[in-house]
file protein_30.txt (compact mmCIF, C-alpha atoms)
# COMPACT_ATOMS: atom_id res chain seq x y z
CA MET A 250 172.25 189.26 100.14
CA SER A 251 170.71 187.89 103.33
CA ARG A 252 169.14 184.50 103.33
CA VAL A 253 166.37 183.28 105.67
CA LEU A 254 166.10 179.58 106.47
CA VAL A 255 162.65 178.40 107.37
CA VAL A 256 162.42 175.07 109.24
CA ALA A 257 159.08 173.29 108.91
CA SER A 258 157.90 170.60 111.38
CA LEU A 259 156.36 167.56 109.73
CA ILE A 260 153.58 165.73 111.53
CA ALA A 261 153.26 162.10 110.52
CA VAL A 262 149.78 160.69 110.27
CA CYS A 263 149.47 156.93 110.38
CA ALA A 264 148.06 155.63 107.16
CA PRO A 265 148.41 152.55 104.94
CA GLY A 266 152.18 152.00 104.58
CA CYS A 267 152.96 153.56 107.93
CA GLY A 268 156.27 152.31 109.28
CA GLN A 269 157.95 152.17 105.84
CA PRO A 270 160.95 154.47 105.12
CA ALA A 271 159.79 158.02 104.44
CA ALA A 272 160.19 159.41 100.93
CA PRO A 273 162.93 162.09 100.54
CA PRO A 274 161.66 165.69 100.71
CA PRO A 275 161.21 167.49 97.36
CA ALA A 276 164.17 169.55 96.16
CA PRO A 277 163.75 173.28 96.76
CA ALA A 278 162.74 175.32 93.72
CA THR A 279 165.50 177.34 92.03
CA VAL A 280 164.98 180.97 90.92
CA ALA A 281 166.89 182.57 88.06
CA LEU A 282 167.84 185.90 89.58
CA GLU A 283 168.60 187.60 86.22
CA ALA A 284 166.05 185.84 84.05
CA PRO A 285 164.89 188.21 81.30
CA PRO A 286 161.18 188.96 81.18
CA PRO A 287 159.13 187.37 78.37
CA GLY A 288 159.57 189.00 75.00
CA LEU A 289 163.13 190.29 75.47
CA PRO A 290 166.15 188.63 73.85
CA LYS A 291 168.16 186.39 76.14
CA ASP A 292 171.25 188.55 75.64
CA LEU A 293 169.45 191.61 76.95
CA PRO A 294 169.03 191.36 80.76
CA PRO A 295 166.46 193.81 82.13
CA ALA A 296 169.17 195.47 84.22
CA SER A 297 170.98 196.67 81.08
CA PRO A 298 168.96 197.70 78.02
CA LEU A 299 172.21 198.81 76.38
CA VAL A 300 173.60 195.29 76.04
CA GLY A 301 174.47 194.60 72.43
CA THR A 302 176.54 195.98 69.59
CA TRP A 303 175.75 199.39 68.09
CA ALA A 304 177.09 201.29 65.09
CA LEU A 305 177.08 204.90 63.89
CA PRO A 306 176.36 205.95 60.30
CA ASP A 307 180.10 206.49 59.69
CA GLY A 308 180.95 202.90 60.72
CA GLU A 309 182.15 203.41 64.31
CA ALA A 310 180.88 200.64 66.59
CA MET A 311 180.46 200.07 70.32
CA GLU A 312 179.58 197.04 72.41
CA PHE A 313 178.00 196.90 75.88
CA THR A 314 178.16 193.60 77.80
CA ALA A 315 175.89 192.31 80.54
CA ALA A 316 178.87 192.21 82.92
CA GLY A 317 179.36 195.98 82.69
CA GLY A 318 182.08 196.11 80.08
CA VAL A 319 182.18 198.42 77.06
CA ARG A 320 184.35 198.30 73.94
CA GLY A 321 184.60 200.83 71.17
CA ILE A 322 185.91 200.49 67.61
CA PRO A 323 186.54 204.01 66.25
CA VAL A 324 186.92 204.46 62.52
CA GLY A 325 190.59 204.35 61.56
CA ALA A 326 191.77 204.34 65.20
CA PRO A 327 192.72 201.75 67.88
CA ALA A 328 189.99 200.04 69.86
CA LEU A 329 188.96 201.32 73.29
CA ALA A 330 187.83 199.38 76.35
CA GLY A 331 186.33 200.27 79.71
CA THR A 332 183.37 199.83 82.02
CA TYR A 333 179.90 201.33 82.37
CA LYS A 334 177.15 201.67 84.94
CA LEU A 335 173.49 202.64 84.62
CA ARG A 336 171.76 205.30 86.69
CA ASP A 337 168.09 205.81 85.87
CA ASP A 338 168.07 206.94 82.23
CA GLU A 339 171.78 207.75 82.20
CA VAL A 340 174.89 205.70 81.51
CA LEU A 341 178.28 206.41 83.13
CA ILE A 342 181.19 205.27 80.95
CA ASP A 343 184.82 205.01 82.08
CA LEU A 344 187.28 204.50 79.21
CA GLY A 345 190.38 205.08 81.30
CA ALA A 346 193.21 207.21 79.97
CA ALA A 347 191.70 207.35 76.45
CA VAL A 348 189.05 209.82 77.59
CA PRO A 349 189.80 212.33 80.38
CA GLY A 350 187.01 211.77 82.89
CA ILE A 351 183.80 209.80 83.30
CA LEU A 352 181.39 210.35 80.41
CA ARG A 353 177.77 210.79 81.52
CA ALA A 354 175.14 210.42 78.82
CA GLU A 355 171.38 210.15 78.63
CA PHE A 356 170.17 207.17 76.64
CA LYS A 357 166.92 206.35 74.90
CA ARG A 358 166.39 203.04 73.16
CA THR A 359 163.61 202.41 70.66
CA GLY A 360 163.81 198.90 69.25
CA ASP A 361 167.10 198.62 67.38
CA GLU A 362 167.81 202.37 67.61
CA LEU A 363 169.80 203.94 70.45
CA LYS A 364 170.12 207.67 71.01
CA LEU A 365 172.87 208.88 73.32
CA THR A 366 173.10 212.50 74.47
CA ALA A 367 176.33 213.42 76.25
CA LYS A 368 175.58 215.55 79.31
CA ALA A 369 178.95 215.82 81.05
CA LEU A 370 182.59 214.79 80.75
CA GLY A 371 184.31 214.63 84.10
CA ASP A 372 183.20 217.67 86.09
CA LYS A 373 182.34 219.70 82.98
CA GLU A 374 178.67 219.93 82.02
CA PHE A 375 177.81 220.41 78.36
CA ASP A 376 175.74 223.44 77.41
CA PHE A 377 172.07 222.40 77.12
CA LEU A 378 171.81 223.43 73.46
CA LYS A 379 175.24 222.04 72.53
CA ARG A 380 175.13 218.53 73.97
CA PRO A 381 176.64 216.03 71.52
CA GLN A 382 174.00 213.63 70.26
CA SER A 383 174.76 210.35 68.52
CA LYS A 384 172.27 207.92 67.00
CA TRP A 385 173.28 204.27 66.91
CA THR A 386 171.76 201.23 65.16
CA ARG A 387 172.03 197.70 66.53
CA VAL A 388 174.26 195.40 64.46
CA PRO A 389 174.97 191.66 64.75
CA GLU A 390 178.54 191.82 66.02
CA LEU A 391 181.53 194.00 66.76
CA SER A 392 183.92 194.05 63.81
CA GLY A 393 186.71 196.33 62.82
CA PRO A 394 188.56 198.54 62.88
CA LYS A 395 187.00 199.89 59.72
CA PRO A 396 188.52 202.37 57.30
CA ALA A 397 186.98 205.82 57.09
CA PRO A 398 184.21 206.08 54.48
CA ALA A 399 185.07 207.74 51.18
CA PRO A 400 184.65 211.54 51.35
CA PRO A 401 182.17 213.17 48.97
CA THR A 402 183.28 215.05 45.90
CA ALA A 403 182.26 218.69 45.46
CA ALA A 404 179.65 217.67 42.89
CA GLU A 405 178.21 215.06 45.27
CA LEU A 406 178.06 217.50 48.19
CA VAL A 407 176.05 220.24 46.46
CA GLY A 408 172.35 219.92 47.27
CA ARG A 409 169.89 219.85 50.12
CA TRP A 410 170.58 217.18 52.74
CA GLN A 411 167.93 216.19 55.29
CA ALA A 412 168.83 214.33 58.48
CA VAL A 413 167.41 210.82 58.69
CA GLY A 414 164.76 210.76 61.42
CA ASP A 415 165.30 214.42 62.26
CA ARG A 416 164.45 217.87 60.90
CA GLU A 417 167.99 219.22 60.72
CA ALA A 418 169.10 220.07 57.19
CA TYR A 419 172.13 221.35 55.28
CA ASP A 420 172.07 223.32 52.04
CA PHE A 421 175.40 223.16 50.22
CA PHE A 422 175.61 225.65 47.33
CA ALA A 423 177.83 225.40 44.25
CA ASP A 424 179.44 228.78 45.04
CA GLY A 425 181.10 227.30 48.13
CA THR A 426 178.61 228.57 50.72
CA PHE A 427 176.25 226.62 52.96
CA ALA A 428 173.37 226.98 55.40
CA ARG A 429 172.66 224.71 58.37
CA ARG A 430 169.11 224.72 59.72
CA THR A 431 168.39 223.23 63.16
CA PRO A 432 164.79 223.35 64.47
CA PHE A 433 164.18 223.44 68.21
CA GLU A 434 160.84 223.40 70.01
CA PHE A 435 160.19 227.15 69.92
CA PHE A 436 162.65 228.51 67.37
CA VAL A 437 164.78 227.64 64.35
CA GLU A 438 168.55 228.16 64.35
CA THR A 439 170.18 228.97 61.00
CA HIS A 440 173.93 229.17 60.50
CA GLN A 441 175.62 230.25 57.26
CA GLY A 442 179.17 230.17 56.03
CA ALA A 443 181.62 228.83 53.48
CA TRP A 444 182.64 225.23 52.80
CA GLU A 445 185.61 223.54 51.20
CA LEU A 446 186.92 220.00 50.84
CA THR A 447 190.43 219.22 52.07
CA ALA A 448 192.93 216.41 51.61
CA ASP A 449 192.57 215.29 55.25
CA PRO A 450 190.92 211.83 55.09
CA ALA A 451 189.86 212.00 58.76
CA ALA A 452 187.98 215.30 58.43
CA PRO A 453 187.69 216.26 54.76
CA LEU A 454 185.07 219.00 55.15
CA ARG A 455 186.01 222.46 56.46
CA LEU A 456 183.27 224.94 57.43
CA SER A 457 184.12 228.59 58.13
CA TYR A 458 182.05 231.39 59.65
CA PRO A 459 183.45 234.78 58.57
CA ASP A 460 181.49 236.83 61.11
CA THR A 461 183.17 235.06 64.05
CA ASN A 462 186.32 233.96 62.20
CA ARG A 463 185.76 230.40 63.44
CA VAL A 464 186.70 227.38 61.35
CA GLU A 465 185.65 223.82 62.11
CA THR A 466 186.61 220.52 60.55
CA VAL A 467 183.92 217.93 59.99
CA ARG A 468 184.08 214.22 59.29
CA ALA A 469 182.20 213.58 56.06
CA GLY A 470 181.70 210.35 54.15
CA ARG A 471 179.35 208.68 51.72
CA VAL A 472 177.78 205.58 53.28
CA ASP A 473 175.14 203.58 51.39
CA GLY A 474 174.11 206.57 49.32
CA ARG A 475 173.82 208.84 52.34
CA LEU A 476 176.06 211.57 53.72
CA ALA A 477 177.43 210.97 57.24
CA LEU A 478 178.56 214.12 59.06
CA GLY A 479 180.22 214.28 62.47
CA ARG A 480 182.19 216.76 64.55
CA ASP A 481 184.96 215.54 66.82
CA HIS A 482 185.07 216.80 70.38
CA LYS A 483 188.34 218.44 71.42
CA ALA A 484 188.69 216.02 74.34
CA ALA A 485 188.62 212.81 72.28
CA SER A 486 187.80 211.47 68.83
CA LEU A 487 184.96 209.33 70.12
CA GLY A 488 181.55 208.68 68.63
CA LEU A 489 179.81 209.33 71.95
CA LEU A 490 181.20 212.87 71.88
CA ARG A 491 180.70 213.36 68.17
CA GLU A 492 177.42 214.65 66.86
CA VAL A 493 177.01 212.13 64.04
CA GLN A 494 174.03 212.06 61.73
CA ALA A 495 173.17 210.49 58.41
CA PHE A 496 171.67 212.79 55.77
CA THR A 497 169.69 211.97 52.64
CA ARG A 498 169.77 214.22 49.58
CA THR A 499 166.27 215.57 48.99
CA GLY A 500 166.88 217.98 46.11
CA ASP A 501 168.54 221.24 45.21
CA PRO A 502 169.61 223.68 47.94
CA VAL A 503 167.01 226.22 49.09
CA ALA A 504 167.77 229.62 47.54
CA ASP A 505 166.28 231.61 50.46
CA ARG A 506 169.06 230.31 52.74
CA GLN A 507 171.92 231.09 50.36
CA PRO A 508 174.37 233.47 52.09
CA VAL A 509 175.35 235.28 48.86
CA ARG A 510 172.73 235.94 46.20
CA ALA A 511 172.83 237.81 42.90
CA GLY A 512 170.64 240.91 42.81
CA VAL A 513 169.92 240.79 46.56
CA LEU A 514 171.95 242.36 49.37
CA THR A 515 171.94 239.75 52.13
CA ALA A 516 172.73 240.38 55.78
CA TYR A 517 175.67 237.98 55.34
CA GLN A 518 177.11 240.10 52.51
CA LEU A 519 176.40 243.41 54.28
CA HIS A 520 178.19 242.37 57.44
CA ARG A 521 181.20 241.15 55.46
CA GLU A 522 181.48 244.55 53.80
CA PHE A 523 181.56 246.31 57.19
CA GLN A 524 183.97 243.68 58.49
CA THR A 525 186.35 243.92 55.52
CA ASP A 526 186.42 247.71 55.01
CA PRO A 527 184.45 249.62 57.69
CA LYS A 528 185.09 253.07 56.23
CA ALA A 529 184.04 252.16 52.70
CA ALA A 530 180.92 250.37 53.98
CA ALA A 531 179.96 253.34 56.17
CA ALA A 532 180.27 255.74 53.24
CA LYS A 533 178.17 253.40 51.11
CA TYR A 534 175.32 252.67 53.53
CA VAL A 535 175.16 254.82 56.69
CA GLY A 536 172.33 257.36 56.73
CA LYS A 537 170.76 255.87 53.61
CA GLU A 538 167.66 253.79 53.07
CA VAL A 539 168.85 250.28 52.26
CA GLU A 540 167.04 247.09 51.30
CA VAL A 541 168.51 243.99 52.90
CA ALA A 542 167.41 240.34 53.06
CA GLY A 543 168.22 237.42 55.30
CA VAL A 544 167.11 234.62 57.60
CA VAL A 545 165.64 235.68 60.97
CA ARG A 546 167.71 234.42 63.92
CA GLY A 547 165.90 236.12 66.80
CA PHE A 548 163.49 238.88 67.75
CA SER A 549 161.92 240.75 70.62
CA SER A 550 158.69 242.69 70.65
CA SER A 551 157.55 245.31 73.12
CA PHE A 552 154.82 247.85 73.54
CA SER A 553 153.87 250.42 76.14
CA PHE A 554 150.39 251.53 77.16
CA ALA A 555 149.56 255.21 76.90
CA SER A 556 146.54 256.91 78.39
CA GLY A 557 143.89 257.56 75.83
CA ALA A 558 142.99 255.74 72.64
CA GLY A 559 144.52 252.49 71.54
CA LYS A 560 146.32 254.18 68.63
CA GLU A 561 148.63 255.90 71.08
CA ALA A 562 149.61 252.51 72.53
CA LYS A 563 150.17 251.18 69.03
CA SER A 564 152.51 254.03 68.20
CA ASN A 565 154.72 253.05 71.15
CA ARG A 566 155.09 249.47 69.97
CA GLN A 567 158.12 248.05 68.17
CA THR A 568 159.81 244.80 67.21
CA THR A 569 163.54 244.22 66.88
CA ILE A 570 164.82 241.32 64.79
CA THR A 571 168.30 240.02 64.06
CA LEU A 572 169.38 238.43 60.79
CA SER A 573 171.94 235.69 60.31
CA THR A 574 175.39 236.85 59.25
CA GLY A 575 177.00 233.42 59.58
CA GLU A 576 177.40 231.93 63.03
CA ASP A 577 176.27 235.02 64.90
CA GLN A 578 173.46 237.54 64.32
CA ARG A 579 175.00 240.90 63.72
CA VAL A 580 172.46 242.73 61.62
CA GLU A 581 169.75 244.21 63.83
CA CYS A 582 166.58 245.84 62.49
CA VAL A 583 163.98 247.84 64.44
CA PHE A 584 160.39 247.91 63.18
CA PRO A 585 158.19 250.60 64.78
CA GLY A 586 154.58 249.54 65.10
CA LEU A 587 155.11 245.85 64.28
CA SER A 588 153.92 243.45 66.98
CA VAL A 589 154.40 239.70 67.18
CA GLY A 590 153.71 237.14 69.89
CA LYS A 591 156.34 235.58 72.10
CA LEU A 592 158.50 232.62 71.11
CA GLY A 593 158.06 233.17 67.40
CA PHE A 594 154.29 232.76 67.34
CA GLY A 595 152.13 235.32 65.60
CA GLY A 596 149.12 236.98 67.19
CA GLY A 597 149.87 237.09 70.87
CA PHE A 598 148.30 239.91 72.89
CA ASP A 599 147.37 242.99 70.89
CA PRO A 600 146.79 246.12 73.04
CA ASP A 601 144.41 247.45 70.38
CA GLU A 602 142.36 244.24 70.16
CA PRO A 603 142.56 242.46 73.52
CA ASP A 604 139.70 240.08 72.64
CA LYS A 605 141.21 238.95 69.33
CA PRO A 606 142.19 235.24 69.44
CA ALA A 607 145.90 234.46 68.97
CA ALA A 608 146.88 233.85 65.38
CA LYS A 609 148.63 230.76 64.14
CA LYS A 610 152.40 230.37 64.24
CA ASP A 611 152.71 230.87 60.48
CA ASP A 612 151.08 234.29 60.77
CA ASN A 613 154.25 235.76 62.26
CA PRO A 614 156.08 237.43 59.34
CA VAL A 615 159.39 237.52 61.23
CA ALA A 616 159.39 234.08 62.89
CA THR A 617 162.83 232.56 63.42
CA GLY A 618 164.06 230.66 60.40
CA ARG A 619 162.05 232.74 57.94
CA PHE A 620 163.61 234.54 54.99
CA VAL A 621 162.58 238.20 54.95
CA ARG A 622 163.25 241.31 52.88
CA LEU A 623 163.16 244.64 54.62
CA ARG A 624 163.98 248.27 54.01
CA GLY A 625 165.30 250.65 56.63
CA ARG A 626 167.71 253.44 57.48
CA CYS A 627 171.22 252.14 58.08
CA LEU A 628 172.84 253.45 61.26
CA GLY A 629 176.14 251.65 60.73
CA VAL A 630 177.94 249.55 63.32
CA THR A 631 176.70 250.29 66.84
CA GLU A 632 177.19 248.78 70.27
CA PRO A 633 174.14 247.03 71.79
CA ASP A 634 172.11 248.80 74.44
CA ARG A 635 173.37 247.00 77.54
CA ASP A 636 170.72 248.66 79.72
CA ALA A 637 167.80 247.45 77.61
CA PRO A 638 165.37 245.19 79.52
CA ILE A 639 165.33 242.78 76.55
CA ARG A 640 168.48 242.33 74.47
CA ILE A 641 168.88 239.71 71.78
CA GLY A 642 171.80 238.60 69.69
CA GLY A 643 174.53 238.90 72.32
CA ASP A 644 176.91 241.73 73.06
CA ALA A 645 178.85 241.92 69.77
CA PRO A 646 178.68 245.16 67.74
CA LYS A 647 176.00 245.04 65.05
CA VAL A 648 175.04 246.70 61.81
CA ARG A 649 171.86 248.40 62.95
CA PHE A 650 168.82 249.57 60.98
CA ALA A 651 166.03 251.86 62.17
CA ASP A 652 162.51 252.60 60.86
CA CYS A 653 162.29 249.25 59.07
CA VAL A 654 159.39 247.95 57.01
CA LEU A 655 158.87 244.62 55.32
CA VAL A 656 158.92 244.61 51.52
CA ALA A 657 157.48 242.20 48.96
CA ASP A 658 158.93 238.70 48.70
CA GLU A 659 160.33 239.52 45.26
CA PRO A 660 162.04 242.78 44.34
CA LYS A 661 160.23 244.95 41.82
CA ARG A 662 161.56 244.68 38.28

call {"tool": "encode", "arguments": {"input": "protein_30.txt", "output": "structure tokens"}}
result
Amino acid sequence: MSRVLVVASLIAVCAPGCGQPAAPPPAPATVALEAPPPGLPKDLPPASPLVGTWALPDGEAMEFTAAGGVRGIPVGAPALAGTYKLRDDEVLIDLGAAVPGILRAEFKRTGDELKLTAKALGDKEFDFLKRPQSKWTRVPELSGPKPAPAPPTAAELVGRWQAVGDREAYDFFADGTFARRTPFEFFVETHQGAWELTADPAAPLRLSYPDTNRVETVRAGRVDGRLALGRDHKAASLGLLREVQAFTRTGDPVADRQPVRAGVLTAYQLHREFQTDPKAAAAKYVGKEVEVAGVVRGFSSSFSFASGAGKEAKSNRQTTITLSTGEDQRVECVFPGLSVGKLGFGGGFDPDEPDKPAAKKDDNPVATGRFVRLRGRCLGVTEPDRDAPIRIGGDAPKVRFADCVLVADEPKR
């Protein structure tokens, strides 16, 4: 820091007392270079809004100091220490050999709540929709290490669990299946699978997705009447890399999201039949009109204009939707003549009624996240059309239906 010295010349003016010793000059004013602005705690310099001690719902804690130090107290694991730097709305954390690479995370503080979204670890960027998010609460001091919270029993786990301060929800069913619902700005993601409790105290909840054959272990514990869930990152068992949330039980699980239902053939069940015994499933369903139900994961809608009346254009219009089969979306249904707007909104542009105002979002009968029943002709397992201008649901083979129509919400008795 450069300093500038200003020398002032003093001009003495003879006045009563002239000739007496001059009074000493006043001491220069001192300036506190890191003085916090009014209204902020003294332990929170404006250069570091992260300063303080923060805890996750599962008990893991972390402390940021004004000098740029950071300490972490994982649950049931040795403490970590390192340094951090701020860059705009991001924090760069170096925990040395404990974590391979510099962790870059976006932070947002609201009062005593701190949200951290991991964006990169070393030179590896996290996928935009899969960035680990952790929500921390300010606590008085760093204490620990703490033992892992008690895992839930099967009876305690069954129910509908809503994330605190978020719209994400889990439905755990007594038959050992579950549904996870995650709303985004323009669509709703729904995953389904099977759950079981294990004897592993570090990660007692195991979730499996039969359509992709993937199994994940989840930290689960009861804390102050809530359910804390978190997934460890493969690089390190660290809260900053673990998507930890606290959930409150709000009631019974929602039946429409149940993967396996009595009296209803779900997309989840149908795909499992084709996956387990393809020949038997083909003999049972292919070429036949089948009624199937499930949660909409994605859709595309297209139409083509034809010369002449609007009815001709309407006849060339179709919508393709995919239904959840677990972690993927491998039941695909084509509806001729059904038109919906983009991004899950109903209405949109109708070639038959170009002046009609767009309908509300809830008017879309096949919006993502909705439970639907449909009837169509089963074509069996087919490869996706890789030359199609719009392709949804990825490149995995799908159980495909043609000539689909929506049926009533409840089956006829």

call {"tool": "atom_distance", "arguments": {"input": "protein_30.txt", "atom1": "atom CA of Ala367 of chain A", "atom2": "atom CA of Met311 of chain A"}}
result
15.2 Å

call {"tool": "residues_around", "arguments": {"input": "protein_30.txt", "residues": "Asp473 of chain A", "least_positions_apart": "4", "cutoff": "12 Å", "atoms": "only C-alpha atoms", "output": "ChimeraX atom specification"}}
result
/A:306-308,398-399,477,495-497

call {"tool": "write_last_selection", "arguments": {"input": "protein_30.txt", "atoms": "C-alpha atoms", "output": "mmCIF file, keeping the file's coordinate frame"}}
result
data_model
loop_
_atom_site.group_PDB
_atom_site.id
_atom_site.type_symbol
_atom_site.label_atom_id
_atom_site.label_comp_id
_atom_site.auth_asym_id
_atom_site.auth_seq_id
_atom_site.Cartn_x
_atom_site.Cartn_y
_atom_site.Cartn_z
ATOM 1 C CA PRO A 306 176.360 205.950 60.300
ATOM 2 C CA ASP A 307 180.100 206.490 59.690
ATOM 3 C CA GLY A 308 180.950 202.900 60.720
ATOM 4 C CA PRO A 398 184.210 206.080 54.480
ATOM 5 C CA ALA A 399 185.070 207.740 51.180
ATOM 6 C CA ALA A 477 177.430 210.970 57.240
ATOM 7 C CA ALA A 495 173.170 210.490 58.410
ATOM 8 C CA PHE A 496 171.670 212.790 55.770
ATOM 9 C CA THR A 497 169.690 211.970 52.640
#

call {"tool": "residues_around", "arguments": {"input": "protein_30.txt", "residues": "segment 623-625 of chain A", "least_positions_apart": "2", "cutoff": "10 Å", "atoms": "all atoms listed in the file", "output": "NGL selection string"}}
result
:A and (536-543 or 582-584 or 621 or 627-628 or 649-658)

call {"tool": "write_last_selection", "arguments": {"input": "protein_30.txt", "atoms": "C-alpha atoms", "output": "PDB file, in the coordinates of the input"}}
result
ATOM      1  CA  GLY A 536     172.330 257.360  56.730  1.00  0.00           C
ATOM      2  CA  LYS A 537     170.760 255.870  53.610  1.00  0.00           C
ATOM      3  CA  GLU A 538     167.660 253.790  53.070  1.00  0.00           C
ATOM      4  CA  VAL A 539     168.850 250.280  52.260  1.00  0.00           C
ATOM      5  CA  GLU A 540     167.040 247.090  51.300  1.00  0.00           C
ATOM      6  CA  VAL A 541     168.510 243.990  52.900  1.00  0.00           C
ATOM      7  CA  ALA A 542     167.410 240.340  53.060  1.00  0.00           C
ATOM      8  CA  GLY A 543     168.220 237.420  55.300  1.00  0.00           C
ATOM      9  CA  CYS A 582     166.580 245.840  62.490  1.00  0.00           C
ATOM     10  CA  VAL A 583     163.980 247.840  64.440  1.00  0.00           C
ATOM     11  CA  PHE A 584     160.390 247.910  63.180  1.00  0.00           C
ATOM     12  CA  VAL A 621     162.580 238.200  54.950  1.00  0.00           C
ATOM     13  CA  CYS A 627     171.220 252.140  58.080  1.00  0.00           C
ATOM     14  CA  LEU A 628     172.840 253.450  61.260  1.00  0.00           C
ATOM     15  CA  ARG A 649     171.860 248.400  62.950  1.00  0.00           C
ATOM     16  CA  PHE A 650     168.820 249.570  60.980  1.00  0.00           C
ATOM     17  CA  ALA A 651     166.030 251.860  62.170  1.00  0.00           C
ATOM     18  CA  ASP A 652     162.510 252.600  60.860  1.00  0.00           C
ATOM     19  CA  CYS A 653     162.290 249.250  59.070  1.00  0.00           C
ATOM     20  CA  VAL A 654     159.390 247.950  57.010  1.00  0.00           C
ATOM     21  CA  LEU A 655     158.870 244.620  55.320  1.00  0.00           C
ATOM     22  CA  VAL A 656     158.920 244.610  51.520  1.00  0.00           C
ATOM     23  CA  ALA A 657     157.480 242.200  48.960  1.00  0.00           C
ATOM     24  CA  ASP A 658     158.930 238.700  48.700  1.00  0.00           C
TER      25      ASP A 658
END

call {"tool": "residues_around", "arguments": {"input": "protein_30.txt", "residues": "Tyr458 of chain A", "least_positions_apart": "2", "cutoff": "9 Å", "atoms": "all atoms listed in the file", "output": "JSON list (two decimals) with C-alpha atoms, keeping the file's coordinate frame"}}
result
[["chain", "number", "residue", "atom", "x", "y", "z"],
["A", 440, "HIS", "CA", 173.93, 229.17, 60.50],
["A", 441, "GLN", "CA", 175.62, 230.25, 57.26],
["A", 442, "GLY", "CA", 179.17, 230.17, 56.03],
["A", 443, "ALA", "CA", 181.62, 228.83, 53.48],
["A", 456, "LEU", "CA", 183.27, 224.94, 57.43],
["A", 460, "ASP", "CA", 181.49, 236.83, 61.11],
["A", 461, "THR", "CA", 183.17, 235.06, 64.05],
["A", 462, "ASN", "CA", 186.32, 233.96, 62.20],
["A", 463, "ARG", "CA", 185.76, 230.40, 63.44],
["A", 464, "VAL", "CA", 186.70, 227.38, 61.35],
["A", 465, "GLU", "CA", 185.65, 223.82, 62.11],
["A", 574, "THR", "CA", 175.39, 236.85, 59.25],
["A", 575, "GLY", "CA", 177.00, 233.42, 59.58],
["A", 576, "GLU", "CA", 177.40, 231.93, 63.03],
["A", 577, "ASP", "CA", 176.27, 235.02, 64.90]]

call {"tool": "atom_distance", "arguments": {"input": "protein_30.txt", "atom1": "atom CA of Val648 of chain A", "atom2": "atom CA of Leu514 of chain A"}}
result
13.5 Å

call {"tool": "atom_distance", "arguments": {"input": "protein_30.txt", "atom1": "atom CA of Val340 of chain A", "atom2": "atom CA of Arg480 of chain A"}}
result
21.5 Å

call {"tool": "closest_residue", "arguments": {"input": "protein_30.txt", "among": "A:Arg430, A:Arg320, A:Arg491, A:Arg471", "to": "Ala347 of chain A", "atoms": "all atoms listed in the file"}}
result
A:Arg320

call {"tool": "residues_around", "arguments": {"input": "protein_30.txt", "residues": "Tyr419 of chain A", "least_positions_apart": "5", "cutoff": "7 Å", "atoms": "only C-alpha atoms", "output": "PDB file with C-alpha atoms, keeping the file's coordinate frame"}}
result
ATOM      1  CA  ARG A 409     169.890 219.850  50.120  1.00  0.00           C
ATOM      2  CA  TRP A 410     170.580 217.180  52.740  1.00  0.00           C
ATOM      3  CA  GLN A 411     167.930 216.190  55.290  1.00  0.00           C
ATOM      4  CA  ALA A 428     173.370 226.980  55.400  1.00  0.00           C
ATOM      5  CA  ARG A 429     172.660 224.710  58.370  1.00  0.00           C
ATOM      6  CA  ARG A 430     169.110 224.720  59.720  1.00  0.00           C
TER       7      ARG A 430
END

call {"tool": "residues_near_point", "arguments": {"input": "protein_30.txt", "point": "(178.8, 193.7, 84.1)", "cutoff": "10 Å", "atoms": "all atoms listed in the file", "output": "list in words"}}
result
Ala296, Ser297, Val300, Phe313, Thr314, Ala315, Ala316, Gly317, Gly318, Val319, Thr332, Tyr333 and Lys334 of chain A

call {"tool": "closest_residue", "arguments": {"input": "protein_30.txt", "among": "A:Gly360, A:Pro389, A:Pro646, A:Gly586", "to": "Thr302 of chain A", "atoms": "all atoms listed in the file"}}
result
A:Pro389

call {"tool": "closest_residue", "arguments": {"input": "protein_30.txt", "among": "A:Pro381, A:Gly301, A:Gly629, A:Pro527", "to": "Ala354 of chain A", "atoms": "all atoms listed in the file"}}
result
A:Pro381

call {"tool": "residues_around", "arguments": {"input": "protein_30.txt", "residues": "segment 544-547 of chain A", "least_positions_apart": "4", "cutoff": "7 Å", "atoms": "only C-alpha atoms", "output": "mmCIF file with C-alpha atoms, keeping the file's coordinate frame"}}
result
data_model
loop_
_atom_site.group_PDB
_atom_site.id
_atom_site.type_symbol
_atom_site.label_atom_id
_atom_site.label_comp_id
_atom_site.auth_asym_id
_atom_site.auth_seq_id
_atom_site.Cartn_x
_atom_site.Cartn_y
_atom_site.Cartn_z
ATOM 1 C CA GLU A 438 168.550 228.160 64.350
ATOM 2 C CA THR A 439 170.180 228.970 61.000
ATOM 3 C CA ARG A 506 169.060 230.310 52.740
ATOM 4 C CA ILE A 570 164.820 241.320 64.790
ATOM 5 C CA THR A 571 168.300 240.020 64.060
ATOM 6 C CA LEU A 572 169.380 238.430 60.790
ATOM 7 C CA SER A 573 171.940 235.690 60.310
ATOM 8 C CA GLN A 578 173.460 237.540 64.320
ATOM 9 C CA VAL A 615 159.390 237.520 61.230
ATOM 10 C CA ALA A 616 159.390 234.080 62.890
ATOM 11 C CA THR A 617 162.830 232.560 63.420
ATOM 12 C CA GLY A 618 164.060 230.660 60.400
ATOM 13 C CA ARG A 619 162.050 232.740 57.940
ATOM 14 C CA PHE A 620 163.610 234.540 54.990
ATOM 15 C CA VAL A 621 162.580 238.200 54.950
ATOM 16 C CA ILE A 641 168.880 239.710 71.780
#

call {"tool": "axis_aligned_box", "arguments": {"input": "protein_30.txt", "around": "segment 366-370 of chain A", "padding_each_side": "3 Å", "output": "lines of an AutoDock Vina configuration file"}}
result
center_x = 177.8
center_y = 214.2
center_z = 77.8
size_x = 15.5
size_y = 9.3
size_z = 12.6
